[in-house]
Structures are given as C-alpha cells and as structure tokens.
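Trainee: I am attaching a structure below and will ask some questions about it afterwards.
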Amino acid sequence: EGEREFEDVCANFNEMRASLLEAQEKNRKYEKARTDMIAGISHDLRTPLTAIRGTIKGLLDGVAATPERQKKFLETAYRRTGEMNVLLNRLFYISKLETGNMPLHMQTIEIADFIRNYVRGKRETLENEPVELTADIRAAGAVSADAEELWRIFDNLLENSRKYGGAVPLKVKIVLDKTQEGFRICFSDNGAGVPEEKLPFIFDEFYRGDESRNHRDGNGLGLYIVRYLMEAMGGSVRAENADGLAVYLELKEIARPGGQQSRIDSNESGADGRK
C-alpha cells in the first residue's frame, strides 16, 4: 500500500539472497572437503596395500626361499597392515568428532602438573629412542579441557616431530608460559622445519609438507586433529619455524575453586619440568 512495504519486501529478499549464497558457499566447501578426503584416503590406503600385495606375490613366487626371508616378508606385510589400521582408526575418530558422536568431557586441569605428568610418562616409552623430551614450566594455573583429548594433542605433536623432524638426537621441548588471557604451550623440535609458504596449511586435513620433512610416510591427519580439538576446547593453535618446527597451543585460564591465584615459585621446577 506504500513505498515502506516495498522497501521491506526488498530488504527481506536481499537477506534471503545473502543467506542462500552463504549456504551455497558452505555446500561448495563441504563438497570440496569430501572430494579431498576421498582422494586422501585412496592415496593413503594405496601405499600399504601395494606393499602388502607385493610381499604376498613375492612369497607365492618363491622369492623368499629361506625361513629368515619369509619371516622378513611377513613382518613387512604385518607392519603395513598396522599402518592401515592407524589410518582407519583416525578416520573413524575424525568422523565421530565431526558428527558430534564423541562429546568432549571438559574438566578443570592444572596445566603445569599435566605437562609434568606427560613428560614423565613419555620418557619411559622413549628411553630406547634417540629422543630427548624436556619441559620448561614458567607458569601455573587451571584450564578447562578434556584431559584425554589434550593428551592426544600432545601425542600427535610428538609423533609429528618423531616422524618428520629428522634430527638425531631429536630434541623436543614443551614450554609453558602465561599470557594475558591464559596460557601458551610451545611444543618445539630441532628438526627440519616447514617452508614458510606451507606453514598456514599444515593443520589442514590430509595436508603434507613432506617435501621438506624428509619424505617420511604420513597421512596428514595428526595436525588436523590437533587444530580441531584445540578449537573445540575453546583454544587456538599456530605454527612457526624456530630452529625447527614450533607449535603454539593457547588455552584460556579459569579460576580455581576457592579463588586461588595462578603463580609458580622460581624453584618449583627445573628445566625438565620436574619438582
């Protein structure tokens, strides 16, 4: 009945058009991610499958004539099946995360104690490897996180350094610092690092930077899981080159029960993070 009504119709129409455009863009990104995921899965499964097929063909053709050779062939095939199992488990894990079938169990965690316990536990499993794992605790306080998934984040970062670092001995250091809003955890190694132009992409699904990280096998999922979990827990992650690869995790501080203030005495921990 008037110009005002026509303006409202136009405004609503433009709003609807913008919403449809946004939905179309989201769908395009989803389809690209789905296509990339299928390509990534195909690539990652093809390598161990080809190795297993070749091993079995060699056994059938009698290439491994001695029991020792046969054992070596079978061990190779068994190791490759393990690689496939790891990949499939990670894909299944990511699927559960992204579909909401694996909710996070957030709890209050004393981050300094968590890092000490992690380093202490991993040293026992790394004692026969040329890997030096240390911690430098410069702050203390509480964060809200899923303890099991935070442990998984640390495991993925450690595995990434072990797989692609290339340094012998490999020196991995975890540094805990206080920030204005919470805590920054630097997980660094003395390895080969990553080309600067590839740093923004190393947390993408199925991305590899192998060209500079010794061409080692990898499925491009470990760091993607790190980013996904950090963002799901309200934190963030970034990486830079600093005489190796340095990954920075940031989590917000929460108040402890009783209103205790975050602090750490200068003599509470040594360079390895132990009391």
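Ordered as shown in the structure tokens, chains take letters A, B, and onward, while each chain numbers its residues from 1 and ligands are numbered from 1 in the order shown.
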Identify, on the basis of only C-alpha atoms, every residue whose closest approach to Glu231 (chain A) does not exceed 10 Å; exclude the query and any residue fewer than 5 positions from it along the same chain; express the result as a ChimeraX atom specification.

Mentor: /A:225-226,236-237,250-251

Trainee: Mind checking DSSP for region 53-255 of chain A and telling me the strand (DSSP E) residues as an NGL selection string?

Mentor: :A and (107-110 or 131-137 or 142-145 or 170-178 or 182-189 or 236-241 or 245-254)

Trainee: Any chance you can output those residues with C-alpha atoms as a short mmCIF file (atom, residue, chain, number, x, y, z; two decimals), in the first residue's frame?

Mentor:
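Dumped everything to selection08.cif:
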data_model
loop_
_atom_site.label_atom_id
_atom_site.label_comp_id
_atom_site.auth_asym_id
_atom_site.auth_seq_id
_atom_site.Cartn_x
_atom_site.Cartn_y
_atom_site.Cartn_z
CA GLN A 107 37.14 -30.59 33.36
CA THR A 108 39.43 -28.34 35.38
CA ILE A 109 43.08 -29.26 34.74
CA GLU A 110 46.18 -27.94 36.47
CA VAL A 131 64.61 -38.58 21.51
CA GLU A 132 65.12 -36.03 24.30
CA LEU A 133 61.85 -34.78 25.76
CA THR A 134 62.02 -31.90 28.24
CA ALA A 135 59.68 -29.34 29.75
CA ASP A 136 60.17 -25.78 30.95
CA ILE A 137 57.36 -24.77 33.31
CA ALA A 142 43.96 -24.11 35.71
CA VAL A 143 42.37 -24.56 32.28
CA SER A 144 39.15 -26.16 31.12
CA ALA A 145 39.90 -29.07 28.80
CA LEU A 170 65.69 -35.33 18.24
CA LYS A 171 65.16 -32.71 20.93
CA VAL A 172 61.53 -31.97 21.76
CA LYS A 173 60.77 -29.25 24.29
CA ILE A 174 57.49 -28.21 25.89
CA VAL A 175 57.42 -24.67 27.31
CA LEU A 176 54.51 -23.35 29.39
CA ASP A 177 54.13 -19.56 29.56
CA LYS A 178 51.48 -17.23 30.96
CA GLY A 182 45.59 -17.74 29.86
CA PHE A 183 48.46 -19.99 28.88
CA ARG A 184 50.64 -20.63 25.86
CA ILE A 185 52.22 -24.06 25.39
CA CYS A 186 55.08 -24.18 22.89
CA PHE A 187 55.77 -27.67 21.53
CA SER A 188 59.02 -27.42 19.54
CA ASP A 189 61.65 -29.66 17.97
CA SER A 236 43.80 -22.00 19.29
CA VAL A 237 46.90 -23.33 17.56
CA ARG A 238 49.50 -21.92 15.21
CA ALA A 239 52.96 -22.89 13.99
CA GLU A 240 56.19 -21.19 13.03
CA ASN A 241 59.78 -22.07 12.25
CA LEU A 245 59.05 -26.55 13.97
CA ALA A 246 57.35 -24.80 16.89
CA VAL A 247 53.64 -25.32 17.52
CA TYR A 248 51.89 -22.91 19.91
CA LEU A 249 48.79 -24.01 21.80
CA GLU A 250 46.78 -21.36 23.65
CA LEU A 251 44.15 -22.08 26.29
CA LYS A 252 42.20 -19.68 28.48
CA GLU A 253 42.74 -19.68 32.24
CA ILE A 254 39.85 -20.43 34.56
#

Trainee: One number please: CA of Asn117 (chain A) to CA of Glu148 (chain A), in Å, one decimal.

Mentor: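 Atom-to-atom, CA of Asn117 (chain A) and CA of Glu148 (chain A) are spaced 12.8 Å apart.
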
Trainee: May I ask for the distance between CA of Leu74 (chain A) and CA of Ile52 (chain A), given in Å to one decimal place?

Mentor: 8.9 Å

Trainee: For the atom pair CA of Met230 (chain A) and CA of Pro169 (chain A), what is the interatomic distance in Å to one decimal place?

Mentor: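 So the answer is 28.8 Å.
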
Trainee: Go through A:Arg116, A:Ala65, A:Asn128, A:Leu223 and flag the residue nearest Ser161 (chain A), using only C-alpha atoms for the distances.

Mentor: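 Closest to Ser161 (chain A), using only C-alpha atoms: A:Leu223.
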